[in-house]
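Colleague: Here it is, the structure, as structure tokens.
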Amino acid sequence: MPTDDTFADVLTANSAYAARYQHAGLEAVAARGLGVVTCIDSRIDPLAMLGLAPGDAKIMRNAGARVTDDVLRTLVLASHLLGVGRVMVVAHTGCRMATGSEEDIHAEILAAGGPDTRSISFLTEDDQEGALREDVQRVRSWPYLGNVTVGGFLYDLATGRLVQVC
């Protein structure tokens, strides 16, 4: 077990959280039947943004809010076993994955002292709404997800407003 203080702040916060924890009785099923695919951007609070509470939705996050193979795999489980009947794909304004090319991202990582990442696709897209439409269509056409309704949304980080794109 590590003995440094790298995670001391969050472990201390977790102790306080655990002392008042009230979600032990929540079911694994999404109480509102909702799945949300959104970005990892830490300025996005998916539950608050949608007026939800813990247990209401299944939240999937990745860089750029892209519908990857892993998201599809997770949605199959969520829709057939965990009560998800509707899915929101939520991109956001100012997303780094929508403001530069793959080459830009690889170069920035290398310049920041990181490794050569050219073997990884970061799924950047300068046409964010087009990518959102493609991702929504990918969910709609996935043969294992015929039981879900899907919509694509854009979240404005400056206003907190959510607009349906498709």
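Naming scheme: A, B, ... for chains in displayed order of the structure tokens; residues 1 onward per chain; ligands 1 onward as shown.
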As a list of chain:residue names, please: the residues near segment 28-33 of chain A (cut-off 8 Å, only C-alpha atoms, same-chain neighbours under 2 positions excluded).
Modeller: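 The contact residues come out as A:Leu26, A:Gly35, A:Gly55, A:Asp56, A:Ala57, A:Lys58, A:Leu81, A:Leu82, A:Gly83, A:Val84, A:Gly85, A:Arg86.
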Colleague: Give me every strand (DSSP E) residue in chain A, going by DSSP on the backbone, as number ranges by chain.
Modeller: A: 34-39, 57-62, 86-92, 149-155, 162-164
Colleague: Check the smallest atom-to-atom distance from each of A:Ile105, A:Leu11, A:Ala18, A:Ile44 to Leu157 of chain A using only C-alpha atoms, then report the winner.
Modeller: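 Closest to Leu157 of chain A, using only C-alpha atoms: A:Ile44.
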Colleague: If you measure from atom CA of Asp9 of chain A to atom CA of Tyr21 of chain A, what distance in Å do you get, rounded to one decimal?
Modeller: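 Interatomic distance, atom CA of Asp9 of chain A to atom CA of Tyr21 of chain A: 18.1 Å.
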Colleague: Enter the distance from atom CA of His80 of chain A to atom CA of Tyr144 of chain A, in Å, rounded to one decimal.
Modeller: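 Answer for the atom CA of His80 of chain A to atom CA of Tyr144 of chain A separation: 9.1 Å.
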Colleague: What separation in Å, quoted to one decimal, exists between atom CA of Asp135 of chain A and atom CA of Asn147 of chain A?
Modeller: 16.7 Å
